[in-house]
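**Student:** Structure: final.cif, mmCIF, C-alpha atoms.
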data_upload
loop_
_atom_site.label_atom_id
_atom_site.label_comp_id
_atom_site.auth_asym_id
_atom_site.auth_seq_id
_atom_site.Cartn_x
_atom_site.Cartn_y
_atom_site.Cartn_z
CA MET A 1 91.84 -13.42 -5.72
CA ASN A 2 94.49 -11.27 -7.40
CA GLU A 3 97.42 -9.74 -5.54
CA SER A 4 96.70 -6.05 -6.26
CA ARG A 5 93.18 -6.32 -4.82
CA LEU A 6 94.58 -7.86 -1.66
CA ARG A 7 97.10 -5.06 -1.27
CA THR A 8 94.33 -2.47 -1.66
CA LEU A 9 92.26 -4.25 0.99
CA THR A 10 95.20 -4.35 3.41
CA LYS A 11 95.94 -0.65 2.90
CA LEU A 12 92.26 0.18 3.43
CA ALA A 13 92.11 -1.78 6.70
CA VAL A 14 95.22 -0.11 8.09
CA THR A 15 94.02 3.36 7.00
CA ILE A 16 90.62 2.84 8.65
CA ALA A 17 92.21 1.69 11.93
CA ILE A 18 94.64 4.64 12.07
CA PHE A 19 91.98 7.18 11.05
CA ALA A 20 89.46 5.89 13.61
CA THR A 21 92.05 6.01 16.39
CA LEU A 22 93.16 9.55 15.51
CA LEU A 23 89.58 10.76 15.26
CA LEU A 24 88.63 9.37 18.67
CA ILE A 25 91.77 10.76 20.33
CA ILE A 26 91.44 14.24 18.83
CA PHE A 27 87.68 14.61 19.39
CA ASN A 28 87.68 14.53 23.20
CA PRO A 29 90.24 17.29 24.01
CA LEU A 30 88.39 19.61 21.64
CA ALA A 31 85.18 19.11 23.60
CA THR A 32 87.03 19.91 26.85
CA LEU A 33 88.54 23.08 25.43
CA ALA A 34 85.15 24.23 24.17
CA GLN A 35 83.74 23.93 27.72
CA GLN A 36 86.64 25.90 29.17
CA TYR A 37 86.15 28.89 26.95
CA SER A 38 82.37 29.03 27.14
CA SER A 39 82.08 30.52 30.63
CA GLU A 40 84.80 33.16 30.79
CA ALA A 41 82.39 36.11 30.86
CA LEU A 42 81.18 35.44 34.43
CA GLN A 43 81.84 38.27 36.88
CA PRO A 44 80.90 37.43 40.51
CA SER A 45 83.84 35.76 42.18
CA PHE A 46 81.99 32.79 43.65
CA GLY A 47 80.41 32.00 40.30
CA GLN A 48 83.80 32.24 38.59
CA ALA A 49 85.34 29.88 41.11
CA LEU A 50 82.45 27.45 40.62
CA THR A 51 82.87 27.57 36.86
CA ALA A 52 86.62 26.98 37.16
CA ILE A 53 85.99 23.92 39.31
CA GLN A 54 83.27 22.60 37.00
CA ASN A 55 85.75 22.93 34.13
CA ALA A 56 88.29 20.92 36.08
CA GLU A 57 85.61 18.29 36.63
CA SER A 58 84.77 18.23 32.93
CA ALA A 59 88.45 17.69 32.24
CA ASP A 60 88.24 14.54 34.39
CA ALA A 61 89.76 15.88 37.61
CA THR A 62 89.11 13.37 40.39
CA PRO A 63 86.95 14.11 43.48
CA SER A 64 90.05 13.82 45.68
CA GLU A 65 91.72 16.60 43.67
CA ILE A 66 88.63 18.82 43.78
CA SER A 67 87.76 18.20 47.42
CA PRO A 68 90.38 20.61 48.93
CA LEU A 69 89.15 23.38 46.62
CA ILE A 70 85.57 22.84 47.78
CA THR A 71 86.70 22.99 51.41
CA SER A 72 88.43 26.33 50.70
CA LEU A 73 85.32 27.67 48.98
CA ASN A 74 83.11 26.68 51.89
CA ASN A 75 85.52 28.46 54.24
CA ALA A 76 85.25 31.50 51.99
CA LEU A 77 81.45 31.30 52.20
CA GLN A 78 81.69 31.30 55.99
CA LEU A 79 84.02 34.31 55.98
CA ASN A 80 81.70 36.06 53.57
CA GLN A 81 78.72 35.40 55.84
CA GLU A 82 80.73 36.65 58.79
CA ALA A 83 81.49 39.86 56.88
CA ILE A 84 77.83 40.32 55.95
CA ASN A 85 76.84 39.94 59.60
CA LEU A 86 79.19 42.79 60.63
CA LYS A 87 76.82 45.70 60.18
CA ALA A 88 77.98 48.12 62.86
CA PRO A 89 80.00 51.12 61.61
CA GLY A 90 82.82 50.18 63.97
CA ASP A 91 83.21 46.82 62.25
CA ALA A 92 84.06 48.32 58.86
CA GLY A 93 87.77 47.51 59.22
CA ARG A 94 87.15 43.91 60.21
CA ARG A 95 84.58 43.60 57.44
CA SER A 96 86.95 44.79 54.71
CA GLN A 97 89.65 42.51 56.14
CA LEU A 98 87.31 39.51 55.89
CA LEU A 99 86.26 40.41 52.37
CA ALA A 100 89.92 40.70 51.35
CA GLN A 101 90.48 37.22 52.75
CA VAL A 102 87.49 35.94 50.78
CA ASN A 103 88.85 37.44 47.56
CA GLN A 104 92.27 35.93 48.25
CA VAL A 105 90.76 32.47 48.77
CA LEU A 106 88.66 32.77 45.62
CA THR A 107 91.65 33.87 43.54
CA ASN A 108 93.73 30.96 44.85
CA VAL A 109 90.93 28.49 44.18
CA GLN A 110 90.49 29.77 40.63
CA ASN A 111 94.22 29.51 39.93
CA GLN A 112 94.42 26.01 41.38
CA ALA A 113 91.30 24.94 39.47
CA ASN A 114 92.78 26.25 36.22
CA GLN A 115 96.02 24.35 36.84
CA LEU A 116 94.02 21.26 37.72
CA THR A 117 92.06 21.59 34.48
CA GLU A 118 95.27 21.58 32.44
CA VAL A 119 96.74 18.63 34.31
CA ALA A 120 93.51 16.61 34.29
CA SER A 121 92.87 17.42 30.63
CA HIS A 122 96.34 16.21 29.65
CA ARG A 123 95.97 13.11 31.80
CA ALA A 124 92.55 12.29 30.35
CA TYR A 125 93.93 12.78 26.83
CA MET A 126 96.81 10.41 27.54
CA ASN A 127 94.51 7.84 29.16
CA LYS A 128 92.24 7.88 26.12
CA ALA A 129 95.16 7.67 23.70
CA ILE A 130 96.58 4.72 25.64
CA ALA A 131 93.17 3.00 25.77
CA TYR A 132 92.69 3.27 22.00
CA LEU A 133 96.30 2.26 21.32
CA VAL A 134 95.95 -0.75 23.59
CA GLY A 135 92.79 -1.63 21.63
CA ILE A 136 94.74 -1.78 18.38
CA ILE A 137 97.61 -3.73 19.96
CA VAL A 138 95.18 -6.26 21.43
CA ALA A 139 93.48 -6.61 18.05
CA LEU A 140 96.87 -7.16 16.38
CA LEU A 141 97.93 -9.73 18.96
CA GLY A 142 94.56 -11.44 18.64
CA THR A 143 95.02 -11.66 14.88
CA ILE A 144 98.52 -13.15 15.25
CA VAL A 145 97.29 -15.68 17.80
CA TYR A 146 94.40 -16.57 15.50
CA GLY A 147 96.82 -17.00 12.55
CA PHE A 148 99.13 -19.32 14.45
CA ALA A 149 96.24 -21.28 15.93
CA ALA A 150 94.73 -21.74 12.48
CA ALA A 151 98.11 -22.81 11.06
CA PHE A 152 98.60 -25.27 13.92
CA TYR A 153 95.10 -26.70 13.45
CA GLN A 154 95.71 -27.12 9.70
CA LYS A 155 98.99 -28.97 10.34
CA TYR A 156 97.25 -31.17 12.91
CA ARG A 157 94.48 -32.06 10.45
CA VAL A 158 97.02 -32.94 7.71
CA LYS A 159 98.97 -35.07 10.16
CA ARG A 160 95.80 -36.94 11.19
CA ILE A 161 94.87 -37.55 7.56
CA PHE A 162 98.24 -39.14 6.85
CA GLN A 163 97.98 -41.27 9.98
CA MET A 164 94.68 -42.78 8.82
CA ARG A 165 94.54 -46.43 8.00
CA VAL A 166 92.24 -47.85 5.36
CA GLU A 167 90.70 -51.10 6.54
CA PRO A 168 88.36 -53.30 4.55
CA LYS A 169 84.88 -53.71 6.01
CA MET B 1 97.86 -21.63 7.84
CA LYS B 2 99.94 -20.39 4.95
CA PHE B 3 100.15 -16.59 5.31
CA GLN B 4 101.15 -16.26 1.66
CA SER B 5 97.84 -17.70 0.53
CA PRO B 6 95.53 -14.88 -0.67
CA VAL B 7 92.45 -16.47 0.92
CA ASN B 8 94.16 -16.77 4.28
CA ARG B 9 95.30 -13.15 4.10
CA VAL B 10 91.75 -12.01 3.52
CA ILE B 11 90.65 -14.02 6.55
CA LEU B 12 93.43 -12.54 8.70
CA ILE B 13 92.63 -9.00 7.60
CA SER B 14 88.95 -9.58 8.34
CA VAL B 15 89.80 -10.94 11.80
CA PHE B 16 92.00 -7.89 12.44
CA ILE B 17 89.25 -5.47 11.39
CA ILE B 18 86.64 -7.22 13.52
CA LEU B 19 88.93 -7.35 16.56
CA THR B 20 89.90 -3.69 16.09
CA ILE B 21 86.26 -2.61 15.99
CA MET B 22 85.50 -4.68 19.10
CA CYS B 23 88.52 -3.43 21.07
CA GLU B 24 88.03 0.23 20.09
CA THR B 25 84.37 0.03 21.06
CA GLY B 26 85.48 -1.33 24.43
CA ALA B 27 88.01 1.50 24.78
CA TYR B 28 85.36 4.09 23.88
CA LEU B 29 82.89 2.67 26.41
CA ALA B 30 85.58 2.51 29.10
CA THR B 31 86.71 6.12 28.62
CA THR B 32 83.32 7.78 28.04
CA PRO B 33 81.21 8.65 31.10
CA ARG B 34 77.67 7.34 31.01
CA ALA B 35 74.72 9.71 31.10
CA THR B 36 72.86 9.46 34.38
CA GLU B 37 69.86 11.17 35.89
CA HIS B 38 70.66 14.54 37.51
CA PHE B 39 68.89 15.41 40.73
CA PHE B 40 69.21 16.55 44.33
CA GLN B 41 68.04 14.65 47.34
CA PHE B 42 66.61 17.13 49.81
CA TYR B 43 65.35 15.99 53.19
CA LEU B 44 64.42 17.02 56.67
CA LEU B 45 64.95 14.73 59.64
CA GLY B 46 63.51 14.96 63.09
CA ARG B 47 65.25 14.82 66.44
CA ASN B 48 68.09 12.24 66.52
CA GLY B 49 68.25 12.19 62.72
CA ASN B 50 65.19 10.01 62.21
CA LEU B 51 62.07 10.42 60.11
CA THR B 52 60.11 10.73 63.36
CA ASP B 53 60.03 13.04 66.38
CA TYR B 54 59.77 16.24 64.43
CA TYR B 55 58.19 17.92 67.44
CA PRO B 56 58.50 17.38 71.16
CA LYS B 57 56.12 14.60 72.18
CA ALA B 58 55.22 14.27 68.48
CA ARG B 59 52.73 17.13 68.77
CA PRO B 60 53.06 20.12 66.44
CA ASN B 61 51.31 22.45 68.90
CA LEU B 62 54.11 24.69 70.10
CA ARG B 63 54.49 27.08 72.98
CA LEU B 64 56.89 29.97 73.21
CA GLY B 65 60.44 28.81 73.84
CA THR B 66 59.84 25.18 72.88
CA ASN B 67 62.97 24.01 71.09
CA VAL B 68 62.39 22.08 67.89
CA GLU B 69 65.39 20.14 66.60
CA TRP B 70 65.63 19.13 62.98
CA THR B 71 68.38 18.17 60.57
CA VAL B 72 68.34 19.54 57.04
CA GLY B 73 70.18 17.53 54.39
CA VAL B 74 71.05 17.79 50.70
CA GLN B 75 72.76 15.24 48.48
CA ASN B 76 74.13 16.28 45.13
CA TYR B 77 73.60 13.87 42.24
CA MET B 78 74.05 16.49 39.52
CA GLU B 79 77.28 14.98 38.19
CA SER B 80 79.14 18.20 38.95
CA VAL B 81 80.06 20.51 41.82
CA GLN B 82 77.11 22.72 42.78
CA LEU B 83 76.67 25.87 44.81
CA VAL B 84 73.39 25.46 46.66
CA GLU B 85 71.39 27.70 48.93
CA ILE B 86 68.64 26.57 51.26
CA ARG B 87 66.13 29.36 51.84
CA VAL B 88 63.90 29.10 54.86
CA LYS B 89 60.53 30.84 54.72
CA LEU B 90 57.74 31.24 57.24
CA ALA B 91 54.19 31.00 55.89
CA ASN B 92 50.63 30.47 56.97
CA GLU B 93 47.96 28.51 55.13
CA THR B 94 46.94 31.37 52.84
CA ILE B 95 50.39 31.89 51.31
CA SER B 96 50.98 29.91 48.16
CA PRO B 97 53.62 27.18 48.34
CA PRO B 98 56.30 26.82 45.64
CA ASP B 99 54.93 25.88 42.24
CA ASP B 100 56.46 22.76 40.69
CA VAL B 101 54.78 23.39 37.33
CA ASN B 102 55.89 26.96 36.73
CA TYR B 103 59.05 26.66 38.89
CA THR B 104 58.16 29.64 41.04
CA PRO B 105 59.17 29.87 44.70
CA SER B 106 56.80 30.62 47.54
CA SER B 107 55.96 34.28 48.07
CA ALA B 108 56.43 33.89 51.83
CA PRO B 109 59.10 36.10 53.42
CA GLU B 110 62.56 34.61 53.57
CA LEU B 111 63.95 34.19 57.08
CA MET B 112 67.44 32.99 56.33
CA GLY B 113 69.61 31.23 53.78
CA PHE B 114 72.35 28.64 54.07
CA ASP B 115 74.97 28.44 51.31
CA ARG B 116 77.30 25.57 50.52
CA PHE B 117 79.47 24.21 47.74
CA LEU B 118 78.70 20.55 47.26
CA LEU B 119 80.86 17.93 45.58
CA ASP B 120 79.25 15.53 43.15
CA ASN B 121 77.73 12.75 45.29
CA GLY B 122 78.46 14.95 48.29
CA THR B 123 76.15 15.27 51.28
CA TRP B 124 75.57 18.31 53.43
CA GLN B 125 73.68 18.04 56.69
CA PHE B 126 73.29 20.69 59.35
CA PRO B 127 71.24 21.07 62.50
CA PHE B 128 68.25 23.35 62.37
CA VAL B 129 67.16 24.24 65.88
CA TRP B 130 64.40 26.73 66.28
CA SER B 131 61.81 28.06 68.64
CA ILE B 132 59.22 30.80 68.76
CA ALA B 133 60.63 33.52 70.96
CA ASN B 134 57.72 35.94 70.92
CA ALA B 135 54.12 35.83 69.72
CA THR B 136 50.92 37.68 70.54
CA LEU B 137 47.22 36.90 70.33
CA THR B 138 45.27 39.67 68.62
CA GLY B 139 41.72 39.46 67.28
CA GLY B 140 41.60 35.67 67.29
CA SER B 141 44.87 35.36 65.38
CA ILE B 142 48.28 34.55 66.72
CA HIS B 143 51.08 36.73 65.41
CA ILE B 144 54.62 35.36 65.45
CA LEU B 145 56.92 38.27 66.19
CA THR B 146 60.28 36.67 66.85
CA LEU B 147 61.87 33.37 65.90
CA GLU B 148 65.09 31.88 67.23
CA LEU B 149 66.91 29.92 64.52
CA ASN B 150 70.24 28.28 65.30
CA ASN B 151 70.88 30.73 68.16
CA GLU B 152 70.06 33.78 66.07
CA THR B 153 67.01 35.96 66.56
CA TYR B 154 64.81 36.90 63.61
CA GLN B 155 62.14 39.56 63.81
CA ILE B 156 59.08 38.64 61.79
CA ALA B 157 57.05 41.36 60.11
CA ASP B 158 53.68 40.53 61.68
CA TRP B 159 53.00 37.05 60.40
CA SER B 160 49.77 35.58 61.69
CA ALA B 161 47.47 32.57 61.49
CA LYS B 162 43.87 32.23 62.63
CA LYS B 163 43.84 30.79 66.16
CA GLY B 164 47.51 29.98 65.61
CA TYR B 165 46.81 27.00 63.36
CA ASN B 166 48.62 26.02 60.18
CA PHE B 167 51.82 27.95 60.26
CA ARG B 168 54.54 26.30 58.21
CA LEU B 169 58.22 26.51 57.52
CA ILE B 170 59.12 26.13 53.87
CA PHE B 171 62.60 25.02 52.83
CA GLU B 172 63.52 25.79 49.22
CA LEU B 173 66.61 24.51 47.45
CA TRP B 174 68.16 27.12 45.17
CA THR B 175 71.14 26.42 42.95
CA TRP B 176 73.69 28.75 41.40
CA GLN B 177 73.21 29.01 37.66
CA THR B 178 76.46 29.93 35.94
CA GLU B 179 74.72 31.27 32.82
CA SER B 180 72.70 33.91 34.67
CA ASN B 181 75.12 34.29 37.61
CA THR B 182 72.35 34.06 40.18
CA PHE B 183 70.64 31.53 42.39
CA VAL B 184 67.64 30.00 40.66
CA PHE B 185 64.84 27.96 42.16
CA ASP B 186 64.72 25.32 39.41
CA PHE B 187 67.62 23.23 38.20
CA GLY B 188 68.22 21.52 34.88
CA SER B 189 67.70 17.78 34.94
CA ASN B 190 68.15 15.67 31.81
CA GLY B 191 66.71 18.23 29.44
CA GLY B 192 63.88 19.25 31.77
CA HIS B 193 63.55 21.30 34.93
CA ARG B 194 62.93 20.34 38.51
CA THR B 195 62.45 22.00 41.86
CA ALA B 196 63.19 20.75 45.35
CA TRP B 197 61.39 22.05 48.40
CA LEU B 198 59.92 20.89 51.67
CA GLN B 199 57.36 22.23 54.08
CA ILE B 200 56.40 21.29 57.58
CA TRP B 201 53.35 22.52 59.44
CA PHE B 202 52.98 23.61 63.04
CA ASN B 203 50.53 25.39 65.31
CA VAL B 204 51.12 28.04 67.93
CA THR B 205 48.28 27.38 70.28
CA ASN B 206 49.63 29.01 73.38
CA THR B 207 51.49 32.28 73.68
CA GLN B 208 52.64 31.49 77.20
CA PRO B 209 56.32 30.61 77.59
CA TYR B 210 57.17 26.94 77.91
CA SER B 211 58.27 26.09 81.41
CA GLN B 212 60.53 23.18 82.17
CA PRO B 213 58.94 20.67 84.62
#
As structure tokens - that is how I would like this structure written.

**Tutor:**
Amino acid sequence: MNESRLRTLTKLAVTIAIFATLLLIIFNPLATLAQQYSSEALQPSFGQALTAIQNAESADATPSEISPLITSLNNALQLNQEAINLKAPGDAGRRSQLLAQVNQVLTNVQNQANQLTEVASHRAYMNKAIAYLVGIIVALLGTIVYGFAAAFYQKYRVKRIFQMRVEPK
Amino acid sequence: MKFQSPVNRVILISVFIILTIMCETGAYLATTPRATEHFFQFYLLGRNGNLTDYYPKARPNLRLGTNVEWTVGVQNYMESVQLVEIRVKLANETISPPDDVNYTPSSAPELMGFDRFLLDNGTWQFPFVWSIANATLTGGSIHILTLELNNETYQIADWSAKKGYNFRLIFELWTWQTESNTFVFDFGSNGGHRTAWLQIWFNVTNTQPYSQP
């Protein structure tokens, strides 16, 4: 096999490995960003908060990170229900106070969920990059180990051949 | 193995390519979530949280003031946080139940709703204690006028059943749909649609108040 063909083959293998890794790393964050931008038009506050949290989930936020936000939202639901139940004209002040609290909670939850999305997205991106990088390193180490093992086995075979004795039957 | 040998280099490069493909496939599988079935588990338990004792003495013939203790539960297996609402409706045997084929809810009047945000794999259970506070017998039909649900009183707009038989409480699970910004009765599940609802029958055979022995 000539030398130039070998060089071409080596270059091709390296290019394919690098290209595949880059493609896999780049593809996933794009998908996450697409999900973040798709639901910005929502208006009702509870729906917006839900969407923000679902985005954080899509960006690989863990249940332990999301759990406090859900607790806050459920508290907001309770406050909202309390406000709805205040129907007497004398309760208008208390009602508007409760609704203000609900809005405050929802705004906080949305902000925290957005921050969480950024953090989780970056973390997921890094985890994926590391996973694919580790894959290439393991493959490289495996190839080196295979090379040395093959070389050792060849030497062992040669040594055994020279140690052979020819005996007449 | 002589690394300078062209044949050996080809072998090494081949080994590297094969190992790279194998390792990257492993990395892809490890970092990509698997598609699973999306659904809700929606259930109603009797007294003491069992699938028995739905009515006192296991008889669905109720008197006024008889307390019925249930537990309503939902488990979220939708792979994402969900905002759910459980709508409770009172119906008799002539009212149509929810339709699983066309995904339409029951046309019975809604008594109350319970809202909750649910984590993925999260469970929500709450007690549902109710009794009939007021009912009248008119023209062979019993009319439920007032229901007590979780210590709140609900006036019913003249809901009746012949001889008081075959009343039912219908529990419908509604979920918040972010696209339409409303609660919807059906939820998306692996490309299709599903509904979740329960109903439990009871009779009001005596309009006299229940008296403790």

**Student:** I need the residue set behind the PyMOL selection byres ((chain A) within 7 of (chain B)) for this file; please write it as an MDAnalysis selection string.

**Tutor:** chainID A and resid 1 10 13 42 47 51 54 57 70 73:74 128 131:132 135:136 139:140 143 147 150:151 154

**Student:** Give as a list in words every residue, naming chains and numbers as the document does, that has an atom within 8 Å of (88.9, 30.4, 43.1), counting only C-alpha atoms.

**Tutor:**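 Result, sorted by chain then residue number: Ser45, Phe46, Gln48, Ala49, Leu50, Ala52, Leu69, Leu73, Val105, Leu106, Thr107, Asn108, Val109, Gln110, Asn111, Gln112 and Ala113 of chain A.
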
**Student:** Based on the selection just made, write C-alpha atoms of those residues as a PDB file, keeping the file's coordinate frame.

**Tutor:**
ATOM      1  CA  SER A  45      83.840  35.760  42.180  1.00  0.00           C
ATOM      2  CA  PHE A  46      81.990  32.790  43.650  1.00  0.00           C
ATOM      3  CA  GLN A  48      83.800  32.240  38.590  1.00  0.00           C
ATOM      4  CA  ALA A  49      85.340  29.880  41.110  1.00  0.00           C
ATOM      5  CA  LEU A  50      82.450  27.450  40.620  1.00  0.00           C
ATOM      6  CA  ALA A  52      86.620  26.980  37.160  1.00  0.00           C
ATOM      7  CA  LEU A  69      89.150  23.380  46.620  1.00  0.00           C
ATOM      8  CA  LEU A  73      85.320  27.670  48.980  1.00  0.00           C
ATOM      9  CA  VAL A 105      90.760  32.470  48.770  1.00  0.00           C
ATOM     10  CA  LEU A 106      88.660  32.770  45.620  1.00  0.00           C
ATOM     11  CA  THR A 107      91.650  33.870  43.540  1.00  0.00           C
ATOM     12  CA  ASN A 108      93.730  30.960  44.850  1.00  0.00           C
ATOM     13  CA  VAL A 109      90.930  28.490  44.180  1.00  0.00           C
ATOM     14  CA  GLN A 110      90.490  29.770  40.630  1.00  0.00           C
ATOM     15  CA  ASN A 111      94.220  29.510  39.930  1.00  0.00           C
ATOM     16  CA  GLN A 112      94.420  26.010  41.380  1.00  0.00           C
ATOM     17  CA  ALA A 113      91.300  24.940  39.470  1.00  0.00           C
TER      18      ALA A 113
END

**Student:** Could you please determine the separation between CA of Ala133 (chain B) and CA of Tyr165 (chain B) in Å, to one decimal place?

**Tutor:**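 Going from CA of Ala133 (chain B) over to CA of Tyr165 (chain B), I get 17.1 Å.
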
**Student:** From the set B:Phe128, B:Leu29, B:Pro60, B:Ala108, which residue has the shortest atom-to-atom contact distance to Asn48 (chain B), counting all atoms listed in the file?

**Tutor:**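 Among the listed residues, B:Phe128 lies closest to Asn48 (chain B).
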
**Student:** For a quick check of understanding, using all atoms listed in the file, which of B:Phe171, B:Phe202, B:Trp159, B:Phe39 has the smallest distance to Gly73 (chain B)?

**Tutor:** B:Phe171

**Student:** What is the CA of Tyr77 (chain B)-CA of His38 (chain B) distance in Å, reported with one decimal?

**Tutor:**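 Straight-line distance from CA of Tyr77 (chain B) to CA of His38 (chain B) works out to 5.6 Å.
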
**Student:** Choose the residue, out of B:Thr138, B:Ser96, B:Asn150, B:Ser160, that has the smallest atom-to-atom separation from Trp70 (chain B); count all atoms listed in the file.

**Tutor:**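 Of B:Thr138, B:Ser96, B:Asn150, B:Ser160, the one nearest Trp70 (chain B), counting all atoms listed in the file, is B:Asn150.
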
**Student:** Name the closest residue to Glu65 (chain A) among the candidates A:Asn127, A:Ile18, A:Ala149, A:Val119; distances are taken between atoms, counting only C-alpha atoms.

**Tutor:**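 Selected residue with least distance to Glu65 (chain A): A:Val119.
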
**Student:** So the first atom is CA of Arg87 (chain B) and the second is CA of Leu111 (chain B); what is the distance between them in Å, to one decimal place?

**Tutor:** 7.5 Å

**Student:** Can you tell me which residues surround Leu147 (chain B) at a distance of at most 8 Å, considering all atoms listed in the file, apart from same-chain residues fewer than 4 positions away, and format the answer as a list of chain:residue names?

**Tutor:**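 Close residues of Leu147 (chain B): B:Trp130, B:Ser131, B:Ile132, B:Ala133, B:Asn134, B:Thr153, B:Tyr154, B:Gln155, B:Ile156.
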
**Student:** Can you pull out the residues contacting Asn85 (chain A)? Cut-off 10 Å, using all atoms listed in the file, and skip same-chain residues under 6 positions away; I want them as a PyMOL selection string.

**Tutor:** chain A and resi 79+91+95
